[in-house]
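**Student:** Pasting final06.csv here (CSV, C-alpha atoms):
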chain,number,residue,atom,x,y,z
C,1,MET,CA,20.6,21.3,2.4
C,2,SER,CA,18.6,19.1,4.8
C,3,LYS,CA,15.4,17.5,3.7
C,4,LYS,CA,12.0,18.3,5.1
C,5,ILE,CA,9.3,15.7,5.4
C,6,LEU,CA,5.7,16.4,6.1
C,7,SER,CA,3.9,13.7,8.1
C,8,ILE,CA,0.1,13.9,7.8
C,9,ASP,CA,-1.5,11.6,10.4
C,10,ASP,CA,-4.1,12.0,13.1
C,11,SER,CA,-1.9,10.0,15.5
C,12,LYS,CA,0.9,11.7,17.5
C,13,MET,CA,2.4,8.3,18.1
C,14,VAL,CA,3.0,8.0,14.3
C,15,HIS,CA,4.5,11.5,14.2
C,16,MET,CA,6.8,10.5,17.1
C,17,VAL,CA,8.0,7.2,15.5
C,18,VAL,CA,8.6,9.0,12.1
C,19,THR,CA,10.5,11.9,13.9
C,20,LYS,CA,12.5,9.4,16.0
C,21,THR,CA,13.5,7.5,12.8
C,22,LEU,CA,14.4,10.5,10.6
C,23,LYS,CA,15.7,13.2,13.0
C,24,PRO,CA,19.1,11.3,13.5
C,25,LEU,CA,19.6,11.6,9.7
C,26,GLY,CA,19.3,15.4,9.9
C,27,ILE,CA,15.8,15.3,8.3
C,28,GLU,CA,13.3,17.9,9.5
C,29,VAL,CA,9.9,16.4,10.2
C,30,ILE,CA,6.8,18.7,10.2
C,31,THR,CA,3.4,17.4,11.0
C,32,ALA,CA,-0.3,17.9,10.3
C,33,SER,CA,-3.2,16.0,12.0
C,34,ASN,CA,-5.6,15.7,9.1
C,35,GLY,CA,-5.8,15.9,5.3
C,36,GLU,CA,-7.1,19.5,5.2
C,37,GLU,CA,-4.3,20.8,7.5
C,38,GLY,CA,-1.8,18.7,5.6
C,39,VAL,CA,-2.7,20.2,2.2
C,40,GLY,CA,-2.3,23.7,3.7
C,41,ARG,CA,1.1,22.8,5.3
C,42,ALA,CA,2.3,21.3,2.0
C,43,GLN,CA,1.4,24.5,0.1
C,44,ALA,CA,3.0,26.7,2.8
C,45,ASP,CA,6.2,24.6,3.6
C,46,LYS,CA,6.9,22.9,0.3
C,47,PRO,CA,8.3,19.7,1.9
C,48,ASP,CA,10.6,17.3,0.0
C,49,LEU,CA,8.2,14.4,0.6
C,50,ILE,CA,4.9,13.7,2.2
C,51,LEU,CA,3.9,10.7,4.4
C,52,LEU,CA,0.2,10.5,4.2
C,53,ASP,CA,-2.2,8.4,6.4
C,54,ALA,CA,-5.5,7.2,4.7
C,55,THR,CA,-8.0,7.2,7.6
C,56,MET,CA,-8.2,10.6,9.3
C,57,PRO,CA,-11.0,12.9,10.5
C,58,VAL,CA,-11.9,16.2,8.7
C,59,MET,CA,-10.3,15.1,5.4
C,60,ASP,CA,-9.1,11.5,4.7
C,61,GLY,CA,-5.8,10.8,3.0
C,62,ILE,CA,-7.2,9.7,-0.4
C,63,THR,CA,-9.1,13.0,-0.7
C,64,ALA,CA,-6.0,14.9,0.4
C,65,LEU,CA,-3.9,13.1,-2.1
C,66,GLY,CA,-6.3,14.1,-4.9
C,67,LYS,CA,-6.0,17.8,-3.8
C,68,LEU,CA,-2.2,17.6,-3.5
C,69,LYS,CA,-2.0,16.2,-7.1
C,70,GLU,CA,-4.4,18.9,-8.4
C,71,GLY,CA,-2.5,21.8,-6.9
C,72,ALA,CA,0.0,23.4,-9.1
C,73,ASP,CA,2.4,24.1,-6.2
C,74,THR,CA,2.1,20.7,-4.6
C,75,ARG,CA,1.6,18.2,-7.4
C,76,ALA,CA,5.4,17.6,-7.8
C,77,ILE,CA,5.9,16.7,-4.1
C,78,PRO,CA,6.4,12.9,-3.9
C,79,VAL,CA,3.8,11.2,-1.6
C,80,ILE,CA,4.1,7.9,0.2
C,81,MET,CA,0.9,6.5,1.8
C,82,LEU,CA,1.5,5.3,5.3
C,83,SER,CA,-1.6,3.6,6.5
C,84,ALA,CA,-3.2,0.8,8.5
C,85,ASP,CA,-5.8,0.5,5.8
C,86,SER,CA,-3.6,-1.3,3.3
C,87,CYS,CA,-6.1,-3.4,1.3
C,88,GLN,CA,-5.4,-3.8,-2.4
C,89,GLU,CA,-8.4,-1.4,-3.3
C,90,ASN,CA,-6.8,1.4,-1.3
C,91,ARG,CA,-3.3,0.7,-2.7
C,92,ASP,CA,-4.7,0.8,-6.2
C,93,LYS,CA,-6.7,4.0,-5.5
C,94,ALA,CA,-3.6,5.7,-4.0
C,95,THR,CA,-1.4,4.6,-7.0
C,96,GLN,CA,-3.9,5.9,-9.5
C,97,LEU,CA,-4.0,9.3,-7.8
C,98,GLY,CA,-0.2,9.5,-7.8
C,99,ALA,CA,1.2,8.1,-4.6
C,100,LEU,CA,4.6,6.5,-5.3
C,101,LYS,CA,4.6,3.9,-2.5
C,102,PHE,CA,2.3,2.4,0.1
C,103,ILE,CA,3.7,1.5,3.5
C,104,SER,CA,1.5,-0.6,5.8
C,105,LYS,CA,1.1,0.2,9.5
C,106,PRO,CA,2.5,-1.3,11.7
C,107,PHE,CA,5.9,-0.5,10.3
C,108,THR,CA,9.5,-0.7,11.5
C,109,ALA,CA,12.1,2.0,11.2
C,110,ASP,CA,13.9,-0.1,8.6
C,111,THR,CA,10.7,-0.4,6.5
C,112,LEU,CA,10.1,3.3,6.6
C,113,LEU,CA,13.7,4.1,5.7
C,114,SER,CA,13.8,1.6,2.9
C,115,GLY,CA,10.5,3.1,1.5
C,116,LEU,CA,11.9,6.6,1.6
C,117,LYS,CA,15.1,5.6,0.0
C,118,ASP,CA,13.2,4.3,-3.0
C,119,VAL,CA,11.7,7.8,-3.5
C,120,ILE,CA,14.2,10.5,-2.3
C,121,ASP,CA,17.9,10.7,-1.6
C,122,LEU,CA,18.5,10.2,2.1
C,123,PRO,CA,21.6,11.4,3.9
C,124,VAL,CA,23.9,8.7,5.0
C,125,PRO,CA,24.0,8.3,8.8
C,126,ALA,CA,27.3,9.5,10.4
X,1,MET,CA,-15.2,-18.1,12.4
X,2,GLN,CA,-11.8,-19.9,12.8
X,3,PHE,CA,-10.3,-17.7,10.1
X,4,ILE,CA,-11.5,-14.5,11.9
X,5,SER,CA,-10.3,-15.7,15.3
X,6,ASP,CA,-6.9,-16.6,13.9
X,7,SER,CA,-6.8,-13.2,12.1
X,8,VAL,CA,-7.4,-11.4,15.4
X,9,ARG,CA,-4.6,-13.3,17.1
X,10,GLU,CA,-2.1,-12.7,14.2
X,11,ALA,CA,-3.1,-9.0,13.9
X,12,VAL,CA,-2.7,-8.3,17.6
X,13,ILE,CA,0.6,-10.2,18.0
X,14,GLY,CA,2.0,-8.6,14.8
X,15,VAL,CA,1.2,-5.0,15.8
X,16,PHE,CA,2.7,-5.3,19.3
X,17,ASP,CA,5.8,-7.0,18.0
X,18,THR,CA,6.4,-4.5,15.2
X,19,MET,CA,5.5,-1.2,17.0
X,20,LEU,CA,6.6,-2.0,20.6
X,21,SER,CA,8.9,-5.0,20.3
X,22,LEU,CA,6.6,-6.8,22.7
X,23,GLN,CA,6.1,-10.5,22.2
X,24,LEU,CA,2.5,-11.2,23.3
X,25,GLU,CA,1.3,-14.7,24.2
X,26,ALA,CA,-2.2,-15.7,23.2
X,27,LEU,CA,-4.1,-17.0,26.2
X,28,GLU,CA,-7.9,-17.4,26.4
X,29,VAL,CA,-10.1,-17.7,23.4
X,30,ALA,CA,-13.9,-17.7,23.3
X,31,GLU,CA,-16.5,-17.4,20.5
X,32,GLY,CA,-20.2,-16.9,20.2
X,33,ALA,CA,-22.3,-17.1,23.3
X,34,ALA,CA,-19.4,-18.1,25.4
X,35,LEU,CA,-18.0,-14.6,25.6
X,36,PRO,CA,-17.2,-13.5,29.1
X,37,ALA,CA,-18.6,-10.2,30.4
X,38,PRO,CA,-16.2,-7.3,30.2
X,39,ARG,CA,-14.9,-6.1,33.6
X,40,ASN,CA,-15.4,-2.5,34.7
X,41,GLY,CA,-12.8,0.2,34.4
X,42,GLY,CA,-9.8,0.7,32.2
X,43,ILE,CA,-9.5,2.0,28.7
X,44,VAL,CA,-10.8,0.6,25.5
X,45,GLY,CA,-9.6,1.4,22.0
X,46,SER,CA,-12.1,0.6,19.2
X,47,VAL,CA,-12.3,0.8,15.5
X,48,GLY,CA,-15.3,0.0,13.2
X,49,MET,CA,-15.4,-1.2,9.7
X,50,ALA,CA,-18.4,-1.1,7.3
X,51,GLY,CA,-19.0,-2.6,3.9
X,52,LYS,CA,-18.9,-6.3,2.9
X,53,ILE,CA,-17.9,-6.7,6.5
X,54,ASN,CA,-19.5,-4.7,9.3
X,55,GLY,CA,-17.9,-4.9,12.6
X,56,THR,CA,-15.9,-3.4,15.4
X,57,VAL,CA,-12.7,-4.4,17.2
X,58,TYR,CA,-12.4,-3.5,20.9
X,59,MET,CA,-9.1,-3.6,22.8
X,60,SER,CA,-9.5,-3.4,26.6
X,61,TYR,CA,-6.6,-2.5,28.9
X,62,SER,CA,-6.4,-1.9,32.6
X,63,ASP,CA,-5.2,1.5,33.5
X,64,GLN,CA,-1.8,0.1,34.6
X,65,LEU,CA,-1.4,-1.9,31.4
X,66,ALA,CA,-2.3,1.0,29.2
X,67,CYS,CA,0.2,3.3,31.0
X,68,SER,CA,3.0,0.8,30.8
X,69,ILE,CA,2.4,0.3,27.0
X,70,VAL,CA,2.4,4.1,26.5
X,71,GLU,CA,5.6,4.4,28.5
X,72,LYS,CA,7.2,1.7,26.3
X,73,MET,CA,6.1,3.6,23.2
X,74,ILE,CA,7.0,7.1,24.1
X,75,GLY,CA,9.8,6.6,26.6
X,76,GLU,CA,8.2,8.3,29.6
X,77,ALA,CA,5.4,7.3,32.0
X,78,PRO,CA,2.1,9.2,31.4
X,79,LYS,CA,0.6,11.0,34.4
X,80,GLY,CA,-2.6,9.1,34.1
X,81,VAL,CA,-4.7,7.0,31.8
X,82,ASP,CA,-6.7,10.1,30.8
X,83,GLN,CA,-3.7,11.9,29.3
X,84,PRO,CA,-3.9,12.6,25.5
X,85,GLU,CA,-0.8,10.6,24.8
X,86,VAL,CA,-2.5,7.5,26.3
X,87,THR,CA,-5.7,7.9,24.2
X,88,ASP,CA,-3.6,8.5,21.1
X,89,VAL,CA,-1.5,5.4,21.5
X,90,ILE,CA,-4.4,3.2,22.5
X,91,GLY,CA,-6.4,4.5,19.5
X,92,GLU,CA,-3.6,4.0,17.0
X,93,LEU,CA,-2.9,0.5,18.2
X,94,ALA,CA,-6.6,-0.3,17.7
X,95,ASN,CA,-6.4,1.3,14.2
X,96,MET,CA,-3.4,-0.8,13.2
X,97,VAL,CA,-5.0,-4.1,14.5
X,98,ALA,CA,-8.3,-3.2,12.7
X,99,GLY,CA,-6.4,-2.4,9.5
X,100,ASP,CA,-4.6,-5.7,9.6
X,101,LEU,CA,-7.8,-7.5,10.2
X,102,LYS,CA,-9.5,-5.7,7.3
X,103,ARG,CA,-6.6,-6.5,5.0
X,104,ARG,CA,-7.0,-10.2,5.9
X,105,THR,CA,-10.8,-10.3,5.5
X,106,SER,CA,-10.6,-8.3,2.2
X,107,GLU,CA,-8.3,-11.0,0.8
X,108,LYS,CA,-11.3,-13.3,1.4
X,109,GLY,CA,-13.7,-11.0,-0.5
X,110,TYR,CA,-14.9,-9.1,2.6
X,111,ASN,CA,-13.7,-5.5,2.4
X,112,GLY,CA,-15.0,-2.5,4.3
X,113,LEU,CA,-14.2,1.1,5.1
X,114,LEU,CA,-12.3,1.8,8.4
X,115,VAL,CA,-13.5,4.6,10.6
X,116,PRO,CA,-11.1,6.6,12.8
X,117,PRO,CA,-10.5,5.1,16.3
X,118,VAL,CA,-12.7,5.8,19.3
X,119,VAL,CA,-11.2,5.6,22.8
X,120,MET,CA,-13.4,5.1,25.9
X,121,LEU,CA,-12.3,5.2,29.5
X,122,GLY,CA,-13.8,4.9,32.9
X,123,ASN,CA,-16.3,2.7,34.7
X,124,GLY,CA,-19.5,1.4,33.1
X,125,ILE,CA,-18.2,0.6,29.7
X,126,ASN,CA,-20.5,-2.1,28.3
X,127,ILE,CA,-19.2,-4.0,25.3
X,128,ASP,CA,-21.9,-6.2,23.8
X,129,ALA,CA,-22.0,-8.3,20.7
X,130,ASN,CA,-25.6,-7.1,20.1
X,131,GLY,CA,-26.4,-10.3,18.3
X,132,ALA,CA,-23.5,-10.1,15.8
X,133,PRO,CA,-23.1,-13.5,14.0
X,134,ILE,CA,-19.4,-13.4,14.5
X,135,SER,CA,-18.1,-12.7,18.0
X,136,VAL,CA,-14.6,-13.5,19.1
X,137,TYR,CA,-12.9,-12.9,22.4
X,138,ARG,CA,-9.2,-13.3,23.0
X,139,THR,CA,-6.8,-12.4,25.7
X,140,PHE,CA,-3.0,-11.9,25.5
X,141,ARG,CA,-0.3,-11.9,28.1
X,142,VAL,CA,1.9,-8.8,27.8
X,143,PRO,CA,5.5,-9.2,29.1
X,144,ASN,CA,6.0,-7.7,32.6
X,145,ALA,CA,2.3,-6.9,33.0
X,146,ALA,CA,0.0,-8.2,35.7
X,147,GLU,CA,-3.2,-8.1,33.6
X,148,PRO,CA,-3.8,-9.4,30.1
X,149,LEU,CA,-5.0,-7.4,27.1
X,150,ALA,CA,-8.5,-8.4,26.1
X,151,VAL,CA,-9.6,-8.1,22.5
X,152,ARG,CA,-13.2,-8.5,21.2
X,153,PHE,CA,-14.3,-8.5,17.6
X,154,PHE,CA,-17.9,-8.5,16.6
X,155,ALA,CA,-18.8,-8.6,13.0
X,156,LYS,CA,-21.3,-9.5,10.3
X,157,LEU,CA,-20.3,-10.6,6.7
X,158,ASN,CA,-22.5,-9.2,3.9
X,159,ALA,CA,-23.1,-11.0,0.7
Just dump the structure as structure tokens.
**Tutor:**
Amino acid sequence: MSKKILSIDDSKMVHMVVTKTLKPLGIEVITASNGEEGVGRAQADKPDLILLDATMPVMDGITALGKLKEGADTRAIPVIMLSADSCQENRDKATQLGALKFISKPFTADTLLSGLKDVIDLPVPA
Amino acid sequence: MQFISDSVREAVIGVFDTMLSLQLEALEVAEGAALPAPRNGGIVGSVGMAGKINGTVYMSYSDQLACSIVEKMIGEAPKGVDQPEVTDVIGELANMVAGDLKRRTSEKGYNGLLVPPVVMLGNGINIDANGAPISVYRTFRVPNAAEPLAVRFFAKLNA
């Protein structure tokens, strides 16, 4: 069965780069544009993994991460932070709340794939 | 000041190389009172930070430069500089540059919170240092573009 990844970011550019990188591997990418919408999509769609930005309007990524890890139906979903705000304080906070990895923006396709492979099984490209 | 100026250069060059495979060349640099006045028109992506460092980074593009960068990013030319895909890309590039700058200043003990990007376009945009103790202006040549990218960073370090 193909994997489903939820990208939570207020930038369509980031969604586009993530989709362009993962779609050729047969991975479905669904998106949300802020933390609040993202928590809702995670509850409804049960993705295999969440890519989560830190700085977003409405609800920031750290708050959303806390809500995801509190929710009985979302706490087991692995979360990778994907953020431009990659200072050590943010990394530590994200790790304490349960994020498995922190990928800094800007990122290359290789960096993203390598980060994902550390967390979930990815299909081998044809 | 030199550390901040160097950080601006490294952040801008790194973001454009990683996200767009564009090798920018650093051109003009000015600091303090020597900052040139911004020209009218175009589009500006800005991101603020607040905390041990208070400041804002402004990245100014001509309409043509902004559209060519967005075309390189998404693979098709936007219909105009006021299209949502343009403001999105210009905002996110400013966010990445500000994030990189913040990481570098936080390593020196000056951390702050980043705010989501703000994008402004049209005539009459006035970017002023407003007495900020740190003010850096840098321009960058973008391959195949007629006009340079101009970046301003105004900041204050708090004890």
**Student:** If the cut-off is 10 Å, can you tell me the residues of chain C near chain X, counting all atoms listed in the file? I'd like them as JSON, numbers by chain.
**Tutor:** {"C": [10, 11, 12, 13, 14, 16, 17, 54, 55, 56, 57, 60, 83, 84, 85, 86, 87, 88, 89, 90, 104, 105, 106, 107, 108, 109]}
**Student:** Identify, on the basis of only C-alpha atoms, every residue whose closest approach to stretch 114-116 of chain C does not exceed 9 Å; exclude the query and any residue fewer than 5 positions from it along the same chain; express the result as a compact mmCIF listing (two decimals) with C-alpha atoms, in the frame of the given file.
**Tutor:**
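Saved the output as result_2.txt:
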# COMPACT_ATOMS: atom_id res chain seq x y z
CA LEU C 49 8.20 14.40 0.60
CA ILE C 80 4.10 7.90 0.20
CA LYS C 101 4.60 3.90 -2.50
CA PHE C 102 2.30 2.40 0.10
CA ILE C 103 3.70 1.50 3.50
CA ALA C 109 12.10 2.00 11.20
CA ASP C 121 17.90 10.70 -1.60
CA LEU C 122 18.50 10.20 2.10
**Student:** For C:Pro47, find every residue with an atom within 8 Å (counting only C-alpha atoms), except residues of its own chain fewer than 2 positions away, and show them as a CSV table (one decimal) with C-alpha atoms, keeping the file's coordinate frame.
**Tutor:**
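Heads up, here's the output in out_27.csv:
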chain,number,residue,atom,x,y,z
C,3,LYS,CA,15.4,17.5,3.7
C,4,LYS,CA,12.0,18.3,5.1
C,5,ILE,CA,9.3,15.7,5.4
C,6,LEU,CA,5.7,16.4,6.1
C,42,ALA,CA,2.3,21.3,2.0
C,45,ASP,CA,6.2,24.6,3.6
C,49,LEU,CA,8.2,14.4,0.6
C,50,ILE,CA,4.9,13.7,2.2
C,77,ILE,CA,5.9,16.7,-4.1
**Student:** What is the atom CA of C:Val79-atom CA of C:Ala64 distance in Å, reported with one decimal?
**Tutor:**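 Atom CA of C:Ala64 lies at a distance of 10.7 Å from atom CA of C:Val79.
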**Student:** Select, from C:Asp92, C:Gly71, C:Val18, C:Gly40, the residue with the minimum atom-to-atom distance to C:Thr111, counting only C-alpha atoms.
**Tutor:**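 Once distances to C:Thr111 are computed over only C-alpha atoms, the minimum belongs to C:Val18.
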**Student:** Go ahead and compute the interatomic distance for atom CA of X:Ile127 and atom CA of X:Arg152, in Å to one decimal.
**Tutor:**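 Atom CA of X:Arg152 lies at a distance of 8.5 Å from atom CA of X:Ile127.
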**Student:** Grab the atom CA of C:Arg91 to atom CA of X:Met59 distance for me, in Å with one decimal place.
**Tutor:**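 Interatomic distance here is 26.5 Å.
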**Student:** List as number ranges by chain the protein and nucleic acid residues near X:Pro143, meaning an atom at most 10 Å away when only C-alpha atoms are counted, but skip any in the same chain fewer than 2 places from it.
**Tutor:** X: 22-25, 140-141, 145-148
**Student:** If we count all atoms listed in the file, what is near C:Leu52 at a cut-off of 6 Å, once residues fewer than 2 positions away on the same chain are taken out, given as a list in words?
**Tutor:**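 Those residues are Ile8, Met81 and Leu82 of chain C.
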